[in-house]
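Enquirer: Pasting model-v4.tsv here (TSV, C-alpha atoms and all ligand atoms):
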chain	number	residue	atom	x	y	z
A	323	MET	CA	10.09	127.12	21.44
A	324	SER	CA	8.53	130.42	22.45
A	325	ASP	CA	10.16	132.23	25.35
A	326	GLN	CA	8.68	131.78	28.81
A	327	ALA	CA	9.33	133.61	32.08
A	328	THR	CA	11.89	131.56	34.03
A	329	LEU	CA	11.12	131.30	37.75
A	330	CYS	CA	14.00	131.68	40.20
A	331	LEU	CA	13.20	129.34	43.10
A	332	ASN	CA	14.91	129.05	46.48
A	333	ALA	CA	16.22	125.57	47.41
A	334	GLU	CA	15.90	126.41	51.11
A	335	LEU	CA	12.10	126.69	50.85
A	336	ALA	CA	10.09	123.46	51.02
A	337	SER	CA	7.35	125.13	48.92
A	338	ASP	CA	9.86	125.90	46.14
A	339	ARG	CA	11.26	122.35	46.22
A	340	ASP	CA	7.67	121.04	45.95
A	341	LEU	CA	6.98	123.34	43.00
A	342	THR	CA	10.19	122.04	41.37
A	343	CYS	CA	8.87	118.47	41.70
A	344	ARG	CA	5.50	119.42	40.21
A	345	LEU	CA	7.12	121.18	37.25
A	346	LEU	CA	9.34	118.16	36.55
A	347	GLN	CA	6.36	115.78	36.81
A	348	ALA	CA	4.50	117.99	34.35
A	349	GLY	CA	7.33	117.54	31.84
A	350	GLU	CA	8.95	120.96	32.33
A	351	LEU	CA	12.68	121.76	32.55
A	352	VAL	CA	14.18	122.92	35.85
A	353	ALA	CA	17.87	123.70	36.43
A	354	LEU	CA	19.01	122.09	39.69
A	355	PRO	CA	22.17	122.42	41.77
A	356	THR	CA	24.54	119.46	41.92
A	357	GLU	CA	27.90	119.33	43.68
A	358	THR	CA	29.68	119.60	40.29
A	359	VAL	CA	27.76	122.15	38.16
A	360	TYR	CA	24.07	123.09	37.76
A	361	GLY	CA	22.20	120.48	35.69
A	362	LEU	CA	19.25	121.13	33.36
A	363	ALA	CA	16.84	118.45	34.54
A	364	ALA	CA	13.92	116.69	32.89
A	365	ASP	CA	12.12	113.46	33.84
A	366	ALA	CA	14.16	110.81	32.00
A	367	ALA	CA	11.05	108.64	31.66
A	368	GLN	CA	9.22	111.31	29.61
A	369	PRO	CA	10.75	111.51	26.10
A	370	GLU	CA	8.94	114.78	25.23
A	371	ALA	CA	10.35	116.40	28.37
A	372	VAL	CA	13.87	115.16	27.58
A	373	ASN	CA	13.52	116.48	24.05
A	374	LYS	CA	12.98	119.99	25.47
A	375	ILE	CA	16.54	119.87	26.92
A	376	PHE	CA	18.02	119.65	23.42
A	377	ILE	CA	15.90	122.59	22.24
A	378	ALA	CA	16.67	124.83	25.24
A	379	LYS	CA	20.42	124.18	25.06
A	380	ASN	CA	20.58	124.12	21.26
A	381	ARG	CA	22.31	120.76	21.72
A	382	PRO	CA	22.56	118.28	18.82
A	383	ALA	CA	20.12	115.36	19.31
A	384	THR	CA	22.99	112.86	18.97
A	385	HIS	CA	24.72	114.08	22.15
A	386	PRO	CA	23.74	111.69	24.96
A	387	LEU	CA	22.64	112.83	28.44
A	388	ILE	CA	23.57	111.66	31.94
A	389	VAL	CA	20.68	110.15	33.94
A	390	HIS	CA	20.80	110.97	37.65
A	391	ILE	CA	19.30	108.44	40.08
A	392	ALA	CA	18.68	108.45	43.84
A	393	SER	CA	20.77	105.39	44.72
A	394	VAL	CA	22.56	102.34	43.33
A	395	GLU	CA	19.39	100.28	43.98
A	396	LYS	CA	17.70	102.15	41.09
A	397	LEU	CA	20.38	101.16	38.54
A	398	SER	CA	18.44	98.16	37.25
A	399	ASP	CA	15.59	100.47	36.12
A	400	TRP	CA	17.96	101.99	33.54
A	401	VAL	CA	20.70	99.51	32.64
A	402	SER	CA	20.60	95.98	31.21
A	403	GLU	CA	23.55	94.56	33.16
A	404	ILE	CA	25.51	95.68	36.22
A	405	PRO	CA	29.19	94.63	36.19
A	406	PRO	CA	30.78	93.86	39.59
A	407	ALA	CA	33.12	96.84	39.17
A	408	ALA	CA	30.09	99.16	39.17
A	409	LYS	CA	29.00	97.94	42.58
A	410	GLN	CA	32.47	98.47	44.04
A	411	LEU	CA	32.76	101.95	42.53
A	412	ALA	CA	29.23	102.93	43.59
A	413	GLU	CA	30.06	101.83	47.12
A	414	ALA	CA	33.19	104.00	47.10
A	415	PHE	CA	32.07	107.11	45.17
A	416	TRP	CA	28.25	107.40	45.10
A	417	PRO	CA	26.70	109.78	45.84
A	418	GLY	CA	29.41	111.82	44.13
A	419	PRO	CA	31.08	113.11	40.96
A	420	LEU	CA	31.54	109.77	39.15
A	421	THR	CA	29.41	108.96	36.08
A	422	MET	CA	29.48	105.33	34.88
A	423	LEU	CA	28.60	104.10	31.40
A	424	PHE	CA	26.50	100.90	31.05
A	425	HIS	CA	24.56	99.02	28.37
A	426	LYS	CA	21.13	100.60	28.50
A	427	SER	CA	17.90	98.87	29.40
A	428	PRO	CA	15.56	98.41	26.39
A	429	ARG	CA	12.98	100.38	28.38
A	430	VAL	CA	15.02	103.61	28.11
A	431	ASN	CA	13.99	105.84	25.21
A	432	GLN	CA	16.83	106.59	22.78
A	433	VAL	CA	16.18	110.34	23.01
A	434	VAL	CA	18.02	110.14	26.37
A	435	THR	CA	21.09	108.38	24.95
A	436	GLY	CA	21.31	110.25	21.65
A	437	GLY	CA	20.54	107.01	19.81
A	438	LEU	CA	23.33	105.03	21.54
A	439	ASP	CA	22.86	101.64	23.22
A	440	THR	CA	24.83	102.78	26.25
A	441	ILE	CA	23.66	105.01	29.10
A	442	ALA	CA	25.58	107.28	31.48
A	443	ILE	CA	24.40	107.23	35.12
A	444	ARG	CA	25.36	108.96	38.34
A	445	VAL	CA	24.06	109.53	41.86
A	446	PRO	CA	24.70	113.20	42.64
A	447	GLN	CA	25.83	114.27	46.09
A	448	HIS	CA	23.81	117.47	46.46
A	449	PRO	CA	21.17	116.97	49.20
A	450	VAL	CA	18.56	119.08	47.37
A	451	PHE	CA	18.94	117.15	44.10
A	452	LEU	CA	18.90	113.84	45.99
A	453	GLY	CA	15.76	114.87	47.88
A	454	ILE	CA	13.99	115.65	44.61
A	455	LEU	CA	15.07	112.32	43.07
A	456	GLU	CA	13.75	110.45	46.10
A	457	LYS	CA	10.45	112.28	46.02
A	458	LEU	CA	9.90	111.84	42.27
A	459	ASN	CA	11.00	108.19	42.21
A	460	THR	CA	12.29	108.48	38.64
A	461	GLY	CA	15.61	109.32	36.97
A	462	LEU	CA	16.42	112.88	35.91
A	463	ALA	CA	18.29	113.45	32.66
A	464	ALA	CA	20.50	116.49	33.23
A	465	PRO	CA	23.33	117.93	31.16
A	466	SER	CA	25.14	121.00	32.42
A	467	ALA	CA	22.64	123.90	32.37
A	468	ASN	CA	24.43	126.08	29.78
A	469	PRO	CA	23.77	126.76	26.10
A	470	HIS	CA	25.67	124.28	23.87
A	471	LYS	CA	29.44	124.99	23.78
A	472	GLN	CA	29.37	127.66	26.49
A	473	ILE	CA	30.88	127.58	29.99
A	474	SER	CA	29.13	125.37	32.55
A	475	PRO	CA	27.18	127.15	35.32
A	476	THR	CA	28.20	126.93	38.97
A	477	THR	CA	25.55	129.39	40.25
A	478	ALA	CA	21.86	130.03	39.52
A	479	GLN	CA	22.88	133.42	38.07
A	480	HIS	CA	25.08	131.69	35.46
A	481	VAL	CA	22.10	129.49	34.51
A	482	LEU	CA	19.86	132.53	34.03
A	483	LYS	CA	22.52	134.32	31.99
A	484	GLY	CA	22.43	131.49	29.43
A	485	LEU	CA	18.94	130.02	29.60
A	486	SER	CA	16.53	132.64	30.98
A	487	GLY	CA	13.30	132.52	28.98
A	488	LYS	CA	14.02	128.99	27.71
A	489	ILE	CA	13.34	126.90	30.83
A	490	ALA	CA	10.55	126.81	33.42
A	491	ALA	CA	12.71	127.47	36.49
A	492	VAL	CA	16.07	127.38	38.23
A	493	LEU	CA	16.27	126.16	41.81
A	494	ASP	CA	18.93	128.31	43.50
A	495	GLY	CA	21.00	126.23	45.92
A	496	GLY	CA	24.02	128.55	46.04
A	497	PRO	CA	27.41	127.92	44.41
A	498	CYS	CA	28.43	124.34	43.56
A	499	SER	CA	30.97	122.85	45.97
A	500	VAL	CA	33.14	120.94	43.45
A	501	GLY	CA	32.77	123.24	40.43
A	502	LEU	CA	33.93	120.89	37.62
A	503	GLU	CA	31.88	118.20	35.82
A	504	SER	CA	31.97	114.57	36.96
A	505	THR	CA	34.48	111.96	35.83
A	506	ILE	CA	32.98	109.69	33.13
A	507	LEU	CA	34.08	106.03	33.24
A	508	ASP	CA	33.09	103.53	30.53
A	509	LEU	CA	32.28	100.12	32.03
A	510	THR	CA	31.12	98.59	28.73
A	511	THR	CA	34.67	97.93	27.51
A	512	PRO	CA	36.80	94.94	28.70
A	513	VAL	CA	39.04	97.34	30.63
A	514	PRO	CA	37.25	100.33	32.25
A	515	ARG	CA	38.16	103.53	30.46
A	516	ILE	CA	38.00	107.23	31.38
A	517	LEU	CA	35.97	109.18	28.79
A	518	ARG	CA	36.15	112.53	30.62
A	519	PRO	CA	38.63	113.31	33.43
A	520	GLY	CA	37.04	114.73	36.55
A	521	PRO	CA	37.25	115.00	40.33
A	522	ILE	CA	37.47	111.19	40.79
A	523	THR	CA	40.96	110.46	39.41
A	524	PRO	CA	42.24	107.27	37.70
A	525	ALA	CA	44.38	106.58	40.78
A	526	MET	CA	41.30	106.72	43.04
A	527	ILE	CA	39.42	104.31	40.75
A	528	GLU	CA	42.38	101.92	40.46
A	529	ALA	CA	42.75	101.88	44.24
A	530	VAL	CA	39.17	100.59	44.55
A	531	LEU	CA	39.23	98.11	41.64
A	532	GLN	CA	42.78	96.90	42.40
A	533	THR	CA	43.47	96.78	38.65
A	534	PRO	CA	44.71	99.30	36.05
A	535	ILE	CA	42.19	101.21	33.96
A	536	GLU	CA	42.61	103.04	30.65
A	537	SER	CA	42.95	106.77	30.78
A	538	PRO	CA	43.69	107.89	27.23
A	539	ALA	CA	44.61	111.52	26.69
A	540	THR	CA	42.24	111.53	23.72
A	541	HIS	CA	39.65	109.07	22.48
A	542	HIS	CA	37.43	108.82	19.46
A	543	GLU	CA	33.87	108.65	20.74
A	544	PRO	CA	31.48	111.02	18.93
A	545	VAL	CA	30.51	112.79	22.13
A	546	PRO	CA	30.61	116.48	23.03
A	547	GLY	CA	32.89	116.05	26.03
A	548	ASN	CA	35.45	114.92	23.46
A	549	MET	CA	35.23	117.81	21.04
A	550	ALA	CA	38.30	120.02	20.84
A	551	GLU	CA	36.24	123.18	21.24
A	552	HIS	CA	33.83	123.12	24.14
A	553	TYR	CA	33.14	125.00	27.36
A	554	GLN	CA	34.23	128.18	25.62
A	555	PRO	CA	33.97	131.76	26.84
A	556	LYS	CA	32.74	134.24	24.17
A	557	THR	CA	35.96	136.27	24.56
A	558	PRO	CA	39.00	134.60	22.89
A	559	ALA	CA	40.93	132.78	25.63
A	560	PHE	CA	44.56	131.63	25.66
A	561	MET	CA	46.64	129.57	28.06
A	562	MET	CA	50.27	130.58	28.70
A	563	THR	CA	53.05	129.56	31.05
A	564	HIS	CA	54.06	131.85	33.88
A	565	ASP	CA	57.14	133.09	31.96
A	566	GLU	CA	55.26	133.61	28.68
A	567	LEU	CA	52.68	135.65	30.56
A	568	LYS	CA	55.32	137.86	32.17
A	569	THR	CA	56.77	138.73	28.76
A	570	TYR	CA	53.40	139.12	27.06
A	571	LEU	CA	51.87	141.34	29.75
A	572	ALA	CA	54.88	143.67	29.64
A	573	GLN	CA	54.35	144.44	25.95
A	574	SER	CA	50.62	143.96	25.21
A	575	HIS	CA	48.24	146.86	24.56
A	576	GLN	CA	45.13	144.67	24.57
A	577	ARG	CA	42.40	144.94	27.21
A	578	ILE	CA	43.25	141.74	29.07
A	579	GLY	CA	41.31	139.61	31.51
A	580	LEU	CA	43.93	137.67	33.48
A	581	LEU	CA	43.40	134.44	35.43
A	582	PHE	CA	46.43	133.44	37.48
A	583	TYR	CA	47.59	131.80	40.70
A	584	SER	CA	51.29	132.81	40.98
A	585	PRO	CA	51.23	135.96	43.17
A	586	ASP	CA	53.95	137.72	41.16
A	587	LEU	CA	51.67	137.84	38.12
A	588	HIS	CA	49.45	140.35	39.84
A	589	ASN	CA	49.42	143.22	37.37
A	590	ASP	CA	47.83	146.62	37.73
A	591	HIS	CA	47.84	147.24	33.99
A	592	THR	CA	45.39	144.50	33.06
A	593	GLU	CA	41.74	145.47	32.63
A	594	LYS	CA	40.62	142.81	35.10
A	595	SER	CA	42.69	140.20	36.90
A	596	LEU	CA	41.51	137.36	39.13
A	597	GLN	CA	43.77	135.30	41.36
A	598	LEU	CA	42.75	131.70	42.04
A	599	PRO	CA	44.03	129.53	44.92
A	600	LYS	CA	46.98	127.24	44.19
A	601	GLU	CA	45.31	124.30	45.92
A	602	LYS	CA	43.63	122.12	43.29
A	603	SER	CA	40.12	121.62	44.68
A	604	ALA	CA	39.78	125.28	45.72
A	605	TYR	CA	40.98	126.32	42.23
A	606	ALA	CA	38.49	123.96	40.53
A	607	LYS	CA	35.62	125.25	42.64
A	608	GLN	CA	36.23	128.85	41.51
A	609	LEU	CA	37.35	128.28	37.90
A	610	TYR	CA	34.03	128.57	36.03
A	611	GLN	CA	32.92	131.52	38.18
A	612	ALA	CA	36.17	133.28	37.23
A	613	LEU	CA	35.72	132.51	33.53
A	614	HIS	CA	32.13	133.81	33.66
A	615	ASP	CA	33.42	136.98	35.39
A	616	LEU	CA	36.20	137.58	32.85
A	617	ASP	CA	33.97	136.92	29.85
A	618	GLN	CA	32.81	140.51	29.50
A	619	ASN	CA	32.31	142.78	26.54
A	620	HIS	CA	35.01	145.28	27.36
A	621	ILE	CA	37.80	142.67	27.41
A	622	ASP	CA	39.69	141.75	24.19
A	623	GLU	CA	41.23	138.50	25.39
A	624	ILE	CA	41.37	136.23	28.42
A	625	LEU	CA	44.83	134.98	29.41
A	626	ILE	CA	45.08	131.98	31.72
A	627	GLU	CA	48.20	130.89	33.58
A	628	ALA	CA	48.81	127.21	32.76
A	629	PRO	CA	48.11	125.04	35.81
A	630	PRO	CA	50.70	122.70	37.41
A	631	GLN	CA	51.58	119.51	35.48
A	632	SER	CA	50.74	116.97	38.20
A	633	PRO	CA	48.07	114.22	37.67
A	634	GLU	CA	45.56	115.70	40.09
A	635	TRP	CA	45.20	118.71	37.76
A	636	GLN	CA	44.21	116.54	34.76
A	637	ASP	CA	40.53	117.58	34.80
A	638	VAL	CA	41.43	121.27	35.02
A	639	TRP	CA	43.82	120.85	32.07
A	640	ASP	CA	41.10	119.08	30.08
A	641	ARG	CA	38.60	121.93	30.60
A	642	LEU	CA	41.17	124.69	30.00
A	643	LEU	CA	42.49	123.10	26.79
A	644	LYS	CA	38.90	123.03	25.53
A	645	ALA	CA	38.24	126.62	26.60
A	646	THR	CA	41.36	128.10	24.99
A	647	SER	CA	43.06	128.45	21.61
A	648	SER	CA	46.76	128.33	20.87
A	649	LYS	CA	48.46	131.74	20.79
A	650	GLU	CA	50.83	130.53	18.03
A	651	GLY	CA	47.88	129.62	15.82
A	652	LYS	CA	46.63	133.19	15.92
A	701	LIG	O1	28.91	116.67	36.57
A	701	LIG	C1	28.25	116.35	35.59
A	701	LIG	O2	28.46	115.31	34.96
A	701	LIG	C2	27.14	117.32	35.15
A	701	LIG	C3	26.07	117.35	36.25
A	701	LIG	C4	24.87	118.15	35.87
A	701	LIG	O3	25.72	116.05	36.59
A	701	LIG	N1	26.58	116.91	33.91
A	701	LIG	C5	27.24	117.05	32.72
A	701	LIG	O4	26.48	116.69	31.62
A	701	LIG	O5	28.37	117.48	32.63
A	701	LIG	P1	26.87	117.07	30.11
A	701	LIG	O6	25.77	116.61	29.26
A	701	LIG	O7	27.23	118.49	30.05
A	701	LIG	O8	28.11	116.16	29.85
A	701	LIG	C6	27.86	114.78	29.83
A	701	LIG	C7	28.88	114.08	29.03
A	701	LIG	C8	28.84	114.46	27.56
A	701	LIG	O9	30.16	114.63	27.10
A	701	LIG	C9	28.20	113.24	26.93
A	701	LIG	O10	28.59	113.04	25.62
A	701	LIG	C10	28.70	112.13	27.84
A	701	LIG	O11	28.58	112.68	29.09
A	701	LIG	N2	27.80	110.97	27.72
A	701	LIG	C11	26.55	110.85	28.16
A	701	LIG	N3	26.02	109.66	27.79
A	701	LIG	C12	26.99	109.01	27.12
A	701	LIG	C13	27.06	107.76	26.45
A	701	LIG	N4	26.02	106.92	26.42
A	701	LIG	N5	28.23	107.43	25.84
A	701	LIG	C14	29.29	108.27	25.86
A	701	LIG	N6	29.28	109.47	26.47
A	701	LIG	C15	28.14	109.84	27.07
A	702	MG	MG	28.20	120.17	29.46
Would you kindly transcribe this structure into structure tokens?
Expert:
Amino acid sequence: MSDQATLCLNAELASDRDLTCRLLQAGELVALPTETVYGLAADAAQPEAVNKIFIAKNRPATHPLIVHIASVEKLSDWVSEIPPAAKQLAEAFWPGPLTMLFHKSPRVNQVVTGGLDTIAIRVPQHPVFLGILEKLNTGLAAPSANPHKQISPTTAQHVLKGLSGKIAAVLDGGPCSVGLESTILDLTTPVPRILRPGPITPAMIEAVLQTPIESPATHHEPVPGNMAEHYQPKTPAFMMTHDELKTYLAQSHQRIGLLFYSPDLHNDHTEKSLQLPKEKSAYAKQLYQALHDLDQNHIDEILIEAPPQSPEWQDVWDRLLKATSSKEGK
């Protein structure tokens, strides 16, 4: 695809939101804010438009997309059967960062689902995205608005850094409030199963369904969220415990970008260091911004303090394990 000038639109302006709708109706790509990360949206009912997503992101055609809808009432346009659990979970968590996997309706083009017979759906919480969905009266296919394998964007500036010239526009709605991608829950298996950990935890889902779900540490679906290497900064990144970091920082001569939350790791000798909050949701909200900031040319390696081991940090662990390599393997 030849490069095009990417418009930077302002979500606070009705005229820019209207232009966004017209571009999407015309089959163009627009990056939109959601509460999790920015999504690269196309009308899910226009296969040629959806196909442009794969080209702009350099994403393999077999990697399925999430379809975003305005409300649970629209589910039957996209899925062939709605299990009772979906209604309970939608009631509890939609709009919000929970994506559910269904058997797809035969009407949905396979370009959206990467050739699979299942379809991932969510109702996003961001008022701007919801307003656009309501106005367009369709579903919007939207993966995270980053080039394949790079860090997800939580601001319009991150989107432009990766996709400027490849998409029609980005609608700037400020930084995302959650900052990590949605939880993905498979409802096509006999027992619901987490495919990607996220802000809606297994315990929250089990509390609604009143039954245990599967939350495997790894699974074998051929999907990108499951690849060992994903969400990677360009600079080599490593995760270390607090004590390992103390020792390493004392002896390293590398130009280090440090991401930490324990105050005693503050270190004047590192090239750039960023301290994140110790509270989980505040940490998650700032994580991708921090990784984008540290991923700069003049830094040799990014070192990340390993987060706490409690269950609520599972989604952060998942993203950091995918963003980092093992120091021993070096
Ligand atoms: O928070 C989010 O989920 C963001 C915002 C924009 O909504 N979207 C997002 O999309 O993270 P993406 O494409 O970057 O990640 C979607 C994940 C991928 O790992 C994909 O393989 C999985 O969802 N997925 C989508 N459809 C699927 C399907 N039919 N079966 C299995 N996995 C599926
Ligand atoms: Mg992604």
Enquirer: Distance CA of Val433 in chain A-CA of Leu354 in chain A, one decimal place?
Expert: 20.6 Å
Enquirer: Please indicate the distance in Å from CA of Leu625 in chain A to CA of Gly579 in chain A, rounded to one decimal place.
Expert: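 These atoms are spaced 6.2 Å apart.
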Enquirer: Using CA of Ile454 in chain A and CA of Arg339 in chain A as the two end points, give the distance in Å to one decimal.
Expert: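 Taking CA of Ile454 in chain A as the start and CA of Arg339 in chain A as the end point, the length is 7.4 Å.
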Enquirer: Could you list, as JSON, numbers by chain, every residue within 12 Å of range 408-411 of chain A, counting all atoms listed in the file and ignoring same-chain residues fewer than 6 positions away?
Expert: {"A": [393, 394, 395, 397, 398, 401, 417, 418, 419, 420, 421, 422, 423, 424, 443, 444, 445, 507, 508, 509, 510, 514, 522, 524, 526, 527, 528, 529, 530, 531, 532]}
Enquirer: Suppose we keep C-alpha atoms; can you now write the selection as a short mmCIF file (atom, residue, chain, number, x, y, z; two decimals), in the coordinates of the input?
Expert:
data_model
loop_
_atom_site.label_atom_id
_atom_site.label_comp_id
_atom_site.auth_asym_id
_atom_site.auth_seq_id
_atom_site.Cartn_x
_atom_site.Cartn_y
_atom_site.Cartn_z
CA SER A 393 20.77 105.39 44.72
CA VAL A 394 22.56 102.34 43.33
CA GLU A 395 19.39 100.28 43.98
CA LEU A 397 20.38 101.16 38.54
CA SER A 398 18.44 98.16 37.25
CA VAL A 401 20.70 99.51 32.64
CA PRO A 417 26.70 109.78 45.84
CA GLY A 418 29.41 111.82 44.13
CA PRO A 419 31.08 113.11 40.96
CA LEU A 420 31.54 109.77 39.15
CA THR A 421 29.41 108.96 36.08
CA MET A 422 29.48 105.33 34.88
CA LEU A 423 28.60 104.10 31.40
CA PHE A 424 26.50 100.90 31.05
CA ILE A 443 24.40 107.23 35.12
CA ARG A 444 25.36 108.96 38.34
CA VAL A 445 24.06 109.53 41.86
CA LEU A 507 34.08 106.03 33.24
CA ASP A 508 33.09 103.53 30.53
CA LEU A 509 32.28 100.12 32.03
CA THR A 510 31.12 98.59 28.73
CA PRO A 514 37.25 100.33 32.25
CA ILE A 522 37.47 111.19 40.79
CA PRO A 524 42.24 107.27 37.70
CA MET A 526 41.30 106.72 43.04
CA ILE A 527 39.42 104.31 40.75
CA GLU A 528 42.38 101.92 40.46
CA ALA A 529 42.75 101.88 44.24
CA VAL A 530 39.17 100.59 44.55
CA LEU A 531 39.23 98.11 41.64
CA GLN A 532 42.78 96.90 42.40
#
Enquirer: Compute the distance from (23.5, 103.5, 29.9) to each atom, counting all atoms listed in the file, keep the residues with any atom at most 9 Å away, and return them as an MDAnalysis selection string; use the coordinates of the file.
Expert: chainID A and resid 388:389 400:402 422:427 430 435 438:443
Enquirer: Skip range 570-578 of chain A itself and residues of its chain fewer than 2 positions away, then list as a PyMOL selection string all residues within 12 Å of it, counting only C-alpha atoms.
Expert: chain A and resi 557-568+580-581+587-596+616-627+649
Enquirer: Show me, as an MDAnalysis selection string, the residues that have an atom within 10 Å of His614 in chain A when counting only C-alpha atoms, minus same-chain residues fewer than 2 positions from it.
Expert: chainID A and resid 472:476 480 483 555:556 609:612 616:618
Enquirer: Can you write out the residues you just picked, keeping C-alpha atoms, as a PDB file, keeping the file's coordinate frame?
Expert:
ATOM      1  CA  GLN A 472      29.370 127.660  26.490  1.00  0.00           C
ATOM      2  CA  ILE A 473      30.880 127.580  29.990  1.00  0.00           C
ATOM      3  CA  SER A 474      29.130 125.370  32.550  1.00  0.00           C
ATOM      4  CA  PRO A 475      27.180 127.150  35.320  1.00  0.00           C
ATOM      5  CA  THR A 476      28.200 126.930  38.970  1.00  0.00           C
ATOM      6  CA  HIS A 480      25.080 131.690  35.460  1.00  0.00           C
ATOM      7  CA  LYS A 483      22.520 134.320  31.990  1.00  0.00           C
ATOM      8  CA  PRO A 555      33.970 131.760  26.840  1.00  0.00           C
ATOM      9  CA  LYS A 556      32.740 134.240  24.170  1.00  0.00           C
ATOM     10  CA  LEU A 609      37.350 128.280  37.900  1.00  0.00           C
ATOM     11  CA  TYR A 610      34.030 128.570  36.030  1.00  0.00           C
ATOM     12  CA  GLN A 611      32.920 131.520  38.180  1.00  0.00           C
ATOM     13  CA  ALA A 612      36.170 133.280  37.230  1.00  0.00           C
ATOM     14  CA  LEU A 616      36.200 137.580  32.850  1.00  0.00           C
ATOM     15  CA  ASP A 617      33.970 136.920  29.850  1.00  0.00           C
ATOM     16  CA  GLN A 618      32.810 140.510  29.500  1.00  0.00           C
TER      17      GLN A 618
END
Enquirer: For ligand MG 702 (chain A), which of A:Ile404, A:Leu329, A:Leu458, A:Ala464 is the closest residue, counting all atoms listed in the file?
Expert: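 Ranking A:Ile404, A:Leu329, A:Leu458, A:Ala464 by distance to ligand MG 702 (chain A), first place goes to A:Ala464.
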Enquirer: Please check which protein, DNA or RNA residues sit within 9 Å of ligand MG 702 (chain A), counting all atoms listed in the file, and write them as a ChimeraX atom specification.
Expert: /A:359,361,465-474,503,546-547,552-553
Enquirer: So, counting all atoms listed in the file, which residue among A:Pro521, A:Pro428, A:Pro386, A:Pro512 is closest to Pro405 in chain A?
Expert: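 Checking each of A:Pro521, A:Pro428, A:Pro386, A:Pro512 against Pro405 in chain A, counting all atoms listed in the file, the winner is A:Pro512.
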Enquirer: Draw an axis-aligned box tight on the listed atoms of ligand LIG 701 (chain A), then pad every side by 3 Å and write out centre and edge lengths in Å to one decimal as lines of an AutoDock Vina configuration file.
Expert:
center_x = 27.5
center_y = 112.7
center_z = 31.1
size_x = 11.3
size_y = 17.6
size_z = 17.0
Enquirer: Please determine, counting all atoms listed in the file, which residue among A:Pro449, A:Gly487, A:Pro355, A:Pro406 has the shortest atom-to-atom distance to Ala327 in chain A.
Expert: A:Gly487
Enquirer: Taking all atoms listed in the file into account, name the residue in A:Asn459, A:Thr505, A:Gln368, A:Thr477 that is nearest to ligand LIG 701 (chain A).
Expert: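 Smallest distance to ligand LIG 701 (chain A) is found for A:Thr505.
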Enquirer: Would you please take range 454-496 of chain A of the structure in the block above and write C-alpha atoms to a file as a short mmCIF file (atom, residue, chain, number, x, y, z; two decimals), in the first residue's frame?
Expert:
data_model
loop_
_atom_site.label_atom_id
_atom_site.label_comp_id
_atom_site.auth_asym_id
_atom_site.auth_seq_id
_atom_site.Cartn_x
_atom_site.Cartn_y
_atom_site.Cartn_z
CA ILE A 454 -19.02 5.84 16.96
CA LEU A 455 -20.32 2.25 17.14
CA GLU A 456 -23.83 3.50 17.87
CA LYS A 457 -23.73 5.99 15.02
CA LEU A 458 -22.36 3.51 12.46
CA ASN A 459 -24.65 0.65 13.52
CA THR A 460 -22.07 -1.98 12.54
CA GLY A 461 -19.24 -3.84 14.28
CA LEU A 462 -15.67 -2.53 14.16
CA ALA A 463 -12.82 -5.00 13.82
CA ALA A 464 -9.92 -3.55 15.80
CA PRO A 465 -6.63 -5.08 16.87
CA SER A 466 -4.22 -3.01 18.92
CA ALA A 467 -3.00 -0.14 16.69
CA ASN A 468 0.70 -1.10 16.57
CA PRO A 469 2.84 -2.76 13.90
CA HIS A 470 2.87 -6.57 14.32
CA LYS A 471 4.98 -7.70 17.33
CA GLN A 472 5.58 -4.18 18.68
CA ILE A 473 4.33 -2.59 21.92
CA SER A 474 0.63 -1.69 22.04
CA PRO A 475 -0.22 2.04 21.92
CA THR A 476 -1.86 3.84 24.84
CA THR A 477 -1.73 7.32 23.26
CA ALA A 478 -2.36 8.76 19.79
CA GLN A 479 1.37 9.63 19.63
CA HIS A 480 2.29 5.93 20.04
CA VAL A 481 -0.09 5.10 17.17
CA LEU A 482 1.56 7.67 14.90
CA LYS A 483 5.04 6.45 15.84
CA GLY A 484 4.18 3.00 14.45
CA LEU A 485 1.56 3.56 11.76
CA SER A 486 1.86 7.13 10.43
CA GLY A 487 1.50 7.07 6.64
CA LYS A 488 -0.22 3.66 6.70
CA ILE A 489 -3.69 4.58 8.01
CA ALA A 490 -6.22 7.31 7.20
CA ALA A 491 -6.42 8.84 10.69
CA VAL A 492 -6.03 8.54 14.43
CA LEU A 493 -8.72 9.97 16.70
CA ASP A 494 -6.88 11.38 19.73
CA GLY A 495 -8.87 10.75 22.91
CA GLY A 496 -5.96 11.12 25.34
#
